[in-house]
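*Asks:* Got a file for you: my_file.txt, compact mmCIF, N, CA and C atoms.
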```
# COMPACT_ATOMS: atom_id res chain seq x y z
N MET A 1 0.86 -1.18 0.00
CA MET A 1 0.00 0.00 0.00
C MET A 1 0.89 1.23 0.00
N GLN A 2 0.42 2.26 -0.65
CA GLN A 2 1.16 3.52 -0.68
C GLN A 2 0.20 4.68 -0.84
N GLY A 3 0.63 5.84 -0.39
CA GLY A 3 -0.19 7.03 -0.53
C GLY A 3 0.30 8.14 0.37
N TRP A 4 -0.38 9.27 0.27
CA TRP A 4 -0.01 10.44 1.06
C TRP A 4 -0.62 10.37 2.46
N LEU A 5 0.20 10.66 3.45
CA LEU A 5 -0.24 10.82 4.83
C LEU A 5 0.46 12.06 5.38
N ALA A 6 -0.20 12.74 6.31
CA ALA A 6 0.49 13.81 7.03
C ALA A 6 1.21 13.12 8.20
N LYS A 7 2.43 13.56 8.48
CA LYS A 7 3.21 12.97 9.57
C LYS A 7 3.71 14.09 10.45
N ARG A 8 3.64 13.85 11.74
CA ARG A 8 4.14 14.81 12.72
C ARG A 8 5.43 14.28 13.32
N GLY A 9 6.33 15.17 13.70
CA GLY A 9 7.56 14.77 14.37
C GLY A 9 7.27 14.17 15.74
N PRO A 10 8.31 13.65 16.39
CA PRO A 10 8.13 12.91 17.63
C PRO A 10 7.73 13.75 18.85
N VAL A 11 7.90 15.06 18.77
CA VAL A 11 7.62 15.91 19.92
C VAL A 11 6.48 16.88 19.59
N MET A 12 5.58 17.03 20.54
CA MET A 12 4.45 17.95 20.37
C MET A 12 4.97 19.33 19.98
N GLY A 13 4.33 19.96 19.02
CA GLY A 13 4.76 21.26 18.55
C GLY A 13 5.46 21.18 17.20
N TRP A 14 5.89 19.99 16.81
CA TRP A 14 6.48 19.83 15.48
C TRP A 14 5.36 19.99 14.46
N GLU A 15 5.72 20.47 13.30
CA GLU A 15 4.76 20.67 12.22
C GLU A 15 4.32 19.34 11.61
N TRP A 16 3.11 19.34 11.09
CA TRP A 16 2.62 18.21 10.30
C TRP A 16 3.09 18.43 8.87
N GLU A 17 3.70 17.41 8.29
CA GLU A 17 4.18 17.50 6.91
C GLU A 17 3.65 16.35 6.10
N LYS A 18 3.31 16.65 4.83
CA LYS A 18 2.85 15.58 3.93
C LYS A 18 4.04 14.69 3.60
N ARG A 19 3.80 13.38 3.68
CA ARG A 19 4.82 12.40 3.34
C ARG A 19 4.21 11.33 2.45
N TRP A 20 4.97 10.91 1.46
CA TRP A 20 4.57 9.78 0.63
C TRP A 20 4.96 8.54 1.40
N CYS A 21 3.97 7.72 1.76
CA CYS A 21 4.22 6.54 2.59
C CYS A 21 4.03 5.28 1.77
N LYS A 22 4.87 4.30 2.07
CA LYS A 22 4.84 3.05 1.31
C LYS A 22 5.04 1.89 2.28
N LEU A 23 4.08 0.99 2.28
CA LEU A 23 4.14 -0.19 3.13
C LEU A 23 4.56 -1.37 2.27
N GLU A 24 5.74 -1.90 2.55
CA GLU A 24 6.26 -3.04 1.81
C GLU A 24 6.72 -4.10 2.80
N GLY A 25 6.13 -5.27 2.69
CA GLY A 25 6.49 -6.33 3.64
C GLY A 25 6.18 -5.86 5.05
N SER A 26 7.19 -5.89 5.90
CA SER A 26 6.99 -5.45 7.29
C SER A 26 7.70 -4.12 7.54
N SER A 27 7.73 -3.26 6.53
CA SER A 27 8.39 -1.96 6.66
C SER A 27 7.49 -0.85 6.13
N LEU A 28 7.34 0.20 6.91
CA LEU A 28 6.64 1.40 6.47
C LEU A 28 7.71 2.46 6.23
N GLN A 29 7.86 2.84 4.99
CA GLN A 29 8.84 3.85 4.61
C GLN A 29 8.11 5.14 4.29
N TYR A 30 8.74 6.27 4.58
CA TYR A 30 8.13 7.53 4.21
C TYR A 30 9.17 8.43 3.54
N PHE A 31 8.68 9.14 2.52
CA PHE A 31 9.52 9.91 1.61
C PHE A 31 9.04 11.35 1.52
N ALA A 32 9.90 12.21 0.98
CA ALA A 32 9.54 13.61 0.76
C ALA A 32 8.41 13.73 -0.26
N ASP A 33 8.43 12.87 -1.29
CA ASP A 33 7.37 12.90 -2.30
C ASP A 33 7.28 11.55 -3.00
N GLU A 34 6.37 11.45 -3.95
CA GLU A 34 6.10 10.15 -4.59
C GLU A 34 7.21 9.67 -5.52
N THR A 35 8.20 10.49 -5.79
CA THR A 35 9.34 10.01 -6.60
C THR A 35 10.19 9.03 -5.79
N GLU A 36 10.06 9.07 -4.47
CA GLU A 36 10.78 8.19 -3.54
C GLU A 36 12.30 8.37 -3.62
N GLU A 37 12.73 9.55 -4.07
CA GLU A 37 14.16 9.82 -4.17
C GLU A 37 14.76 10.23 -2.83
N VAL A 38 13.96 10.92 -1.99
CA VAL A 38 14.45 11.37 -0.68
C VAL A 38 13.69 10.63 0.41
N LYS A 39 14.33 9.60 0.94
CA LYS A 39 13.71 8.81 2.01
C LYS A 39 13.88 9.56 3.33
N LYS A 40 12.77 9.78 4.01
CA LYS A 40 12.80 10.50 5.28
C LYS A 40 12.86 9.58 6.48
N GLY A 41 12.42 8.33 6.31
CA GLY A 41 12.46 7.39 7.43
C GLY A 41 11.90 6.03 7.06
N ASP A 42 12.09 5.11 7.98
CA ASP A 42 11.69 3.72 7.79
C ASP A 42 11.28 3.17 9.16
N ILE A 43 10.12 2.58 9.24
CA ILE A 43 9.64 2.01 10.50
C ILE A 43 9.47 0.51 10.30
N GLU A 44 10.21 -0.27 11.06
CA GLU A 44 10.11 -1.73 10.98
C GLU A 44 8.91 -2.19 11.80
N LEU A 45 7.99 -2.89 11.16
CA LEU A 45 6.81 -3.40 11.85
C LEU A 45 7.13 -4.78 12.41
N ARG A 46 6.66 -5.02 13.60
CA ARG A 46 6.93 -6.28 14.30
C ARG A 46 5.61 -6.90 14.73
N PRO A 47 5.64 -8.12 15.23
CA PRO A 47 4.38 -8.73 15.68
C PRO A 47 3.65 -7.90 16.73
N GLU A 48 4.37 -7.17 17.55
CA GLU A 48 3.74 -6.38 18.62
C GLU A 48 3.35 -4.97 18.19
N THR A 49 3.66 -4.59 16.95
CA THR A 49 3.31 -3.26 16.44
C THR A 49 1.80 -3.07 16.43
N ARG A 50 1.38 -1.88 16.79
CA ARG A 50 -0.05 -1.57 16.71
C ARG A 50 -0.23 -0.15 16.20
N ALA A 51 -1.30 0.03 15.47
CA ALA A 51 -1.70 1.36 14.99
C ALA A 51 -3.01 1.69 15.70
N VAL A 52 -3.04 2.81 16.40
CA VAL A 52 -4.19 3.16 17.23
C VAL A 52 -4.74 4.53 16.80
N ARG A 53 -6.03 4.57 16.49
CA ARG A 53 -6.69 5.83 16.10
C ARG A 53 -6.55 6.85 17.22
N PHE A 54 -6.44 8.10 16.82
CA PHE A 54 -6.44 9.17 17.81
C PHE A 54 -7.74 9.17 18.60
N SER A 55 -8.83 8.78 17.96
CA SER A 55 -10.15 8.82 18.59
C SER A 55 -10.44 7.62 19.48
N SER A 56 -9.54 6.66 19.53
CA SER A 56 -9.74 5.45 20.33
C SER A 56 -9.59 5.75 21.82
N GLN A 57 -10.35 5.01 22.64
CA GLN A 57 -10.20 5.14 24.09
C GLN A 57 -8.82 4.65 24.53
N SER A 58 -8.18 3.83 23.70
CA SER A 58 -6.84 3.33 24.04
C SER A 58 -5.76 4.09 23.28
N ALA A 59 -6.06 5.35 22.88
CA ALA A 59 -5.08 6.18 22.17
C ALA A 59 -3.82 6.31 23.02
N VAL A 60 -2.67 6.30 22.35
CA VAL A 60 -1.39 6.37 23.06
C VAL A 60 -0.65 7.66 22.71
N GLY A 61 0.26 8.03 23.60
CA GLY A 61 1.09 9.21 23.36
C GLY A 61 0.26 10.46 23.19
N ASP A 62 0.66 11.29 22.22
CA ASP A 62 -0.03 12.55 21.96
C ASP A 62 -1.29 12.38 21.11
N GLY A 63 -1.63 11.16 20.75
CA GLY A 63 -2.80 10.92 19.91
C GLY A 63 -4.05 11.57 20.47
N VAL A 64 -4.23 11.50 21.79
CA VAL A 64 -5.40 12.08 22.45
C VAL A 64 -5.47 13.58 22.19
N LYS A 65 -4.32 14.24 22.16
CA LYS A 65 -4.28 15.69 21.97
C LYS A 65 -4.69 16.11 20.57
N HIS A 66 -4.64 15.18 19.62
CA HIS A 66 -4.95 15.50 18.23
C HIS A 66 -6.34 15.03 17.79
N GLN A 67 -7.12 14.46 18.70
CA GLN A 67 -8.43 13.88 18.35
C GLN A 67 -9.34 14.84 17.60
N LYS A 68 -9.46 16.05 18.08
CA LYS A 68 -10.41 16.99 17.49
C LYS A 68 -9.92 17.57 16.16
N GLU A 69 -8.67 17.98 16.11
CA GLU A 69 -8.16 18.62 14.88
C GLU A 69 -7.82 17.62 13.78
N ARG A 70 -7.58 16.36 14.14
CA ARG A 70 -7.18 15.33 13.17
C ARG A 70 -7.98 14.05 13.42
N PRO A 71 -9.27 14.06 13.08
CA PRO A 71 -10.14 12.92 13.39
C PRO A 71 -9.78 11.63 12.65
N PHE A 72 -8.94 11.72 11.61
CA PHE A 72 -8.57 10.52 10.86
C PHE A 72 -7.10 10.17 11.07
N GLY A 73 -6.60 10.56 12.24
CA GLY A 73 -5.21 10.30 12.57
C GLY A 73 -5.02 9.03 13.36
N PHE A 74 -3.78 8.57 13.39
CA PHE A 74 -3.44 7.38 14.18
C PHE A 74 -2.00 7.46 14.67
N THR A 75 -1.74 6.77 15.75
CA THR A 75 -0.40 6.64 16.29
C THR A 75 0.12 5.27 15.92
N LEU A 76 1.32 5.22 15.40
CA LEU A 76 1.97 3.95 15.10
C LEU A 76 2.95 3.67 16.23
N ASP A 77 2.73 2.55 16.90
CA ASP A 77 3.51 2.14 18.06
C ASP A 77 4.27 0.86 17.68
N PRO A 78 5.49 0.99 17.14
CA PRO A 78 6.19 -0.19 16.62
C PRO A 78 6.50 -1.26 17.66
N LEU A 79 6.73 -0.87 18.91
CA LEU A 79 7.09 -1.85 19.95
C LEU A 79 5.91 -2.31 20.78
N GLY A 80 4.76 -1.69 20.60
CA GLY A 80 3.60 -2.06 21.39
C GLY A 80 3.77 -1.64 22.84
N PRO A 81 2.77 -1.93 23.68
CA PRO A 81 2.79 -1.50 25.07
C PRO A 81 3.98 -2.04 25.86
N GLY A 82 4.51 -3.17 25.44
CA GLY A 82 5.65 -3.76 26.16
C GLY A 82 6.96 -3.03 25.90
N GLY A 83 6.94 -2.04 25.02
CA GLY A 83 8.15 -1.31 24.68
C GLY A 83 8.59 -0.27 25.71
N GLY A 84 7.79 -0.08 26.75
CA GLY A 84 8.15 0.89 27.79
C GLY A 84 7.65 2.29 27.47
N LYS A 85 7.73 3.16 28.46
CA LYS A 85 7.20 4.51 28.29
C LYS A 85 8.09 5.41 27.45
N ASP A 86 9.33 5.06 27.25
CA ASP A 86 10.25 5.89 26.47
C ASP A 86 10.38 5.46 25.01
N ARG A 87 9.49 4.57 24.56
CA ARG A 87 9.56 4.11 23.17
C ARG A 87 9.16 5.23 22.22
N ARG A 88 9.64 5.15 20.98
CA ARG A 88 9.30 6.16 19.98
C ARG A 88 7.95 5.85 19.34
N LEU A 89 7.10 6.85 19.27
CA LEU A 89 5.79 6.73 18.64
C LEU A 89 5.78 7.61 17.39
N PHE A 90 5.00 7.21 16.39
CA PHE A 90 4.90 7.95 15.14
C PHE A 90 3.45 8.36 14.93
N TYR A 91 3.25 9.62 14.50
CA TYR A 91 1.91 10.18 14.36
C TYR A 91 1.61 10.47 12.89
N PHE A 92 0.48 9.93 12.43
CA PHE A 92 0.07 10.10 11.03
C PHE A 92 -1.38 10.55 10.97
N ASP A 93 -1.72 11.23 9.88
CA ASP A 93 -3.11 11.64 9.63
C ASP A 93 -3.46 11.26 8.20
N ALA A 94 -4.52 10.48 8.04
CA ALA A 94 -4.94 9.99 6.72
C ALA A 94 -5.89 10.95 6.00
N SER A 95 -6.42 11.94 6.66
CA SER A 95 -7.31 12.97 6.10
C SER A 95 -8.73 12.50 5.78
N LEU A 96 -8.94 11.21 5.50
CA LEU A 96 -10.26 10.66 5.20
C LEU A 96 -10.48 9.35 5.96
N GLN A 97 -11.73 9.11 6.33
CA GLN A 97 -12.07 7.88 7.07
C GLN A 97 -11.70 6.62 6.28
N THR A 98 -12.04 6.61 4.99
CA THR A 98 -11.76 5.40 4.18
C THR A 98 -10.27 5.14 4.07
N VAL A 99 -9.49 6.20 3.94
CA VAL A 99 -8.04 6.05 3.84
C VAL A 99 -7.47 5.58 5.18
N LEU A 100 -8.00 6.12 6.27
CA LEU A 100 -7.59 5.67 7.61
C LEU A 100 -7.81 4.17 7.77
N GLU A 101 -9.01 3.71 7.41
CA GLU A 101 -9.33 2.28 7.54
C GLU A 101 -8.38 1.42 6.70
N GLN A 102 -8.08 1.87 5.50
CA GLN A 102 -7.16 1.10 4.63
C GLN A 102 -5.78 0.99 5.25
N TRP A 103 -5.27 2.08 5.79
CA TRP A 103 -3.94 2.05 6.40
C TRP A 103 -3.93 1.18 7.66
N LEU A 104 -4.96 1.30 8.50
CA LEU A 104 -5.01 0.50 9.72
C LEU A 104 -5.04 -1.00 9.39
N GLN A 105 -5.83 -1.37 8.39
CA GLN A 105 -5.89 -2.78 7.98
C GLN A 105 -4.57 -3.24 7.39
N ALA A 106 -3.96 -2.42 6.57
CA ALA A 106 -2.69 -2.79 5.94
C ALA A 106 -1.59 -2.94 6.98
N ILE A 107 -1.53 -2.05 7.95
CA ILE A 107 -0.51 -2.13 9.00
C ILE A 107 -0.74 -3.36 9.87
N ALA A 108 -2.00 -3.63 10.21
CA ALA A 108 -2.31 -4.82 11.01
C ALA A 108 -1.88 -6.08 10.25
N GLY A 109 -2.16 -6.13 8.95
CA GLY A 109 -1.77 -7.28 8.14
C GLY A 109 -0.26 -7.44 8.08
N ALA A 110 0.45 -6.33 7.92
CA ALA A 110 1.92 -6.38 7.86
C ALA A 110 2.50 -6.82 9.20
N SER A 111 1.90 -6.37 10.30
CA SER A 111 2.37 -6.79 11.63
C SER A 111 2.15 -8.28 11.83
N GLU A 112 1.00 -8.77 11.40
CA GLU A 112 0.72 -10.20 11.53
C GLU A 112 1.68 -11.01 10.69
N SER A 113 2.00 -10.54 9.49
CA SER A 113 2.93 -11.29 8.65
C SER A 113 4.34 -11.24 9.21
N ALA A 114 4.64 -10.23 10.03
CA ALA A 114 5.95 -10.16 10.67
C ALA A 114 6.14 -11.31 11.65
N VAL A 115 5.04 -11.89 12.15
CA VAL A 115 5.13 -13.04 13.05
C VAL A 115 5.83 -14.19 12.35
N ALA A 116 5.52 -14.38 11.09
CA ALA A 116 6.12 -15.48 10.34
C ALA A 116 7.62 -15.31 10.19
N THR A 117 8.10 -14.07 10.19
CA THR A 117 9.53 -13.85 10.03
C THR A 117 10.24 -13.64 11.37
N ALA A 118 9.49 -13.63 12.46
CA ALA A 118 10.09 -13.41 13.78
C ALA A 118 10.81 -14.64 14.30
N TYR A 119 10.53 -15.79 13.74
CA TYR A 119 11.15 -17.03 14.18
C TYR A 119 11.90 -17.68 13.02
N LYS A 120 12.95 -18.38 13.35
CA LYS A 120 13.70 -19.12 12.33
C LYS A 120 12.81 -20.25 11.82
N PRO A 121 12.93 -20.60 10.54
CA PRO A 121 12.12 -21.68 9.98
C PRO A 121 12.24 -22.99 10.77
N GLU A 122 13.44 -23.29 11.25
CA GLU A 122 13.61 -24.54 12.01
C GLU A 122 12.87 -24.50 13.34
N ASP A 123 12.74 -23.29 13.95
CA ASP A 123 11.98 -23.17 15.20
C ASP A 123 10.49 -23.38 14.94
N VAL A 124 10.00 -22.81 13.82
CA VAL A 124 8.60 -22.97 13.45
C VAL A 124 8.30 -24.45 13.18
N ALA A 125 9.19 -25.12 12.45
CA ALA A 125 9.00 -26.55 12.15
C ALA A 125 9.00 -27.36 13.44
N ARG A 126 9.92 -27.02 14.34
CA ARG A 126 10.00 -27.74 15.63
C ARG A 126 8.73 -27.52 16.45
N LEU A 127 8.26 -26.27 16.48
CA LEU A 127 7.03 -25.97 17.23
C LEU A 127 5.84 -26.71 16.63
N ASN A 128 5.71 -26.69 15.30
CA ASN A 128 4.62 -27.41 14.64
C ASN A 128 4.66 -28.90 14.96
N GLN A 129 5.86 -29.47 14.97
CA GLN A 129 6.00 -30.90 15.29
C GLN A 129 5.59 -31.17 16.74
N LEU A 130 6.01 -30.30 17.65
CA LEU A 130 5.64 -30.47 19.05
C LEU A 130 4.14 -30.33 19.25
N LEU A 131 3.54 -29.35 18.60
CA LEU A 131 2.10 -29.15 18.72
C LEU A 131 1.33 -30.35 18.18
N SER A 132 1.79 -30.87 17.08
CA SER A 132 1.15 -32.05 16.49
C SER A 132 1.24 -33.24 17.44
N THR A 133 2.40 -33.43 18.03
CA THR A 133 2.60 -34.54 18.98
C THR A 133 1.71 -34.36 20.20
N GLN A 134 1.65 -33.14 20.69
CA GLN A 134 0.83 -32.87 21.88
C GLN A 134 -0.65 -33.06 21.59
N GLN A 135 -1.08 -32.65 20.41
CA GLN A 135 -2.49 -32.84 20.05
C GLN A 135 -2.83 -34.31 20.04
N LYS A 136 -1.94 -35.11 19.45
CA LYS A 136 -2.18 -36.54 19.38
C LYS A 136 -2.24 -37.15 20.76
N ALA A 137 -1.40 -36.67 21.66
CA ALA A 137 -1.36 -37.21 23.01
C ALA A 137 -2.40 -36.57 23.91
N GLY A 138 -3.04 -35.52 23.41
CA GLY A 138 -4.07 -34.84 24.20
C GLY A 138 -3.49 -33.94 25.27
N GLU A 139 -2.22 -33.57 25.13
CA GLU A 139 -1.57 -32.73 26.12
C GLU A 139 -1.56 -31.29 25.63
N CYS A 140 -1.50 -30.40 26.55
CA CYS A 140 -1.44 -28.98 26.22
C CYS A 140 -0.30 -28.33 27.00
N GLU A 141 0.94 -28.63 26.63
CA GLU A 141 2.11 -28.06 27.30
C GLU A 141 2.86 -27.14 26.33
N THR A 142 3.46 -26.19 26.87
CA THR A 142 4.31 -25.31 26.06
C THR A 142 5.72 -25.85 26.15
N ALA A 143 6.29 -26.20 25.02
CA ALA A 143 7.59 -26.84 25.02
C ALA A 143 8.69 -26.01 24.37
N LEU A 144 8.33 -24.90 23.78
CA LEU A 144 9.35 -24.08 23.13
C LEU A 144 10.10 -23.29 24.20
N GLY A 145 11.39 -23.17 24.04
CA GLY A 145 12.19 -22.46 25.02
C GLY A 145 13.25 -23.35 25.61
N ASP A 146 13.38 -24.54 25.11
CA ASP A 146 14.44 -25.45 25.58
C ASP A 146 15.79 -24.94 25.20
```
Output the file's structure as structure tokens, nothing else.

*Replies:*
Amino acid sequence: MQGWLAKRGPVMGWEWEKRWCKLEGSSLQYFADETEEVKKGDIELRPETRAVRFSSQSAVGDGVKHQKERPFGFTLDPLGPGGGKDRRLFYFDASLQTVLEQWLQAIAGASESAVATAYKPEDVARLNQLLSTQQKAGECETALGD
């Protein structure tokens, strides 16, 4: 997915600037414009990444402060709640409800697909084998972590 989003800097008071954003695999990249010649940043999405609407009751960071002026905005939290209070948050505004929904779904999908790359293939195969064995035996133990 790609398109224009307004992005605010990490600290309240920074200006909102239009950025050409591109979601590829588990990476959200943002550029000065659609030529993609000047890359302004890259956010690696992980299984714990979440995108939260400014209007949500669970809004994080400065998202709450932008609810009224930017009703189609969201906070991108790459590390999720487990990342601690000093984690970096990213603020975006989609300008339209339909565009907001598309970005939220795309980011959620990219975060979910990051789960598949978070583990080595041999660990996934080992876990699948253990789960299969446990199902057959009727056991429900967690065995990964040896």

*Asks:* Rank A:Pro78, A:Gly41, A:Pro71, A:Gly61 by their smallest atom-to-atom distance to Gln29 in chain A, using only N, CA and C atoms, and report the top residue only.

*Replies:*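 Ranked by minimum distance to Gln29 in chain A, first place goes to A:Gly41.
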
*Asks:* In Å, how far is it from CA of Gln2 in chain A to CA of Trp20 in chain A?

*Replies:* 7.2 Å

*Asks:* What does the structure give for the distance between atom C of Lys65 in chain A and atom N of Gly13 in chain A, in Å to one decimal?

*Replies:*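 Atom N of Gly13 in chain A lies 9.9 Å from atom C of Lys65 in chain A.
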
*Asks:* So what do you get for CA of Val11 in chain A versus CA of Glu112 in chain A, distance-wise?

*Replies:*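 Distance between the two atoms: 28.3 Å.
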
*Asks:* Would you mind telling me which residue in A:Arg46, A:Arg53, A:Lys40, A:Arg88 lies nearest to Lys22 in chain A when using only C-alpha atoms?

*Replies:* A:Lys40

*Asks:* Skip Phe92 in chain A itself and residues of its chain fewer than 5 positions away, then list as a PDB file with N, CA and C atoms, in the frame of the given file all residues within 6.5 Å of it, counting all atoms listed in the file.

*Replies:*
```pdb
ATOM      1  N   LEU A   5       0.200  10.660   3.450  1.00  0.00           N
ATOM      2  CA  LEU A   5      -0.240  10.820   4.830  1.00  0.00           C
ATOM      3  C   LEU A   5       0.460  12.060   5.380  1.00  0.00           C
ATOM      4  N   ALA A   6      -0.200  12.740   6.310  1.00  0.00           N
ATOM      5  CA  ALA A   6       0.490  13.810   7.030  1.00  0.00           C
ATOM      6  C   ALA A   6       1.210  13.120   8.200  1.00  0.00           C
ATOM      7  N   LYS A   7       2.430  13.560   8.480  1.00  0.00           N
ATOM      8  CA  LYS A   7       3.210  12.970   9.570  1.00  0.00           C
ATOM      9  C   LYS A   7       3.710  14.090  10.450  1.00  0.00           C
ATOM     10  N   ARG A   8       3.640  13.850  11.740  1.00  0.00           N
ATOM     11  CA  ARG A   8       4.140  14.810  12.720  1.00  0.00           C
ATOM     12  C   ARG A   8       5.430  14.280  13.320  1.00  0.00           C
ATOM     13  N   PHE A  72      -8.940  11.720  11.610  1.00  0.00           N
ATOM     14  CA  PHE A  72      -8.570  10.520  10.860  1.00  0.00           C
ATOM     15  C   PHE A  72      -7.100  10.170  11.070  1.00  0.00           C
ATOM     16  N   GLY A  73      -6.600  10.560  12.240  1.00  0.00           N
ATOM     17  CA  GLY A  73      -5.210  10.300  12.570  1.00  0.00           C
ATOM     18  C   GLY A  73      -5.020   9.030  13.360  1.00  0.00           C
ATOM     19  N   PHE A  74      -3.780   8.570  13.390  1.00  0.00           N
ATOM     20  CA  PHE A  74      -3.440   7.380  14.180  1.00  0.00           C
ATOM     21  C   PHE A  74      -2.000   7.460  14.670  1.00  0.00           C
ATOM     22  N   THR A  75      -1.740   6.770  15.750  1.00  0.00           N
ATOM     23  CA  THR A  75      -0.400   6.640  16.290  1.00  0.00           C
ATOM     24  C   THR A  75       0.120   5.270  15.920  1.00  0.00           C
ATOM     25  N   LEU A  76       1.320   5.220  15.400  1.00  0.00           N
ATOM     26  CA  LEU A  76       1.970   3.950  15.100  1.00  0.00           C
ATOM     27  C   LEU A  76       2.950   3.670  16.230  1.00  0.00           C
TER      28      LEU A  76
END
```

*Asks:* Counting only C-alpha atoms, which residue out of A:Gly80, A:Ser56, A:Ala51, A:Ile43 sits closest to Glu24 in chain A?

*Replies:*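 Under the stated criterion, the closest residue is A:Ile43.
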
*Asks:* Between A:Met12, A:Leu28, A:Leu45, A:Val52, which has the minimum distance to Glu101 in chain A (counting only C-alpha atoms)?

*Replies:*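 The shortest atom-to-atom distance to Glu101 in chain A comes from A:Val52.
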
*Asks:* Could you check which of A:Leu104, A:Pro10, A:Val60, A:Ala110 is closest to Gly84 in chain A, using only C-alpha atoms?

*Replies:*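 Of A:Leu104, A:Pro10, A:Val60, A:Ala110, the one nearest Gly84 in chain A is A:Val60, counting only C-alpha atoms.
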
*Asks:* Using only C-alpha atoms, find the one residue out of A:Asp86, A:Gly109, A:Thr98, A:Trp16 that sits nearest to Arg70 in chain A.

*Replies:*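 Between A:Asp86, A:Gly109, A:Thr98, A:Trp16, the residue approaching Arg70 in chain A most closely is A:Trp16.
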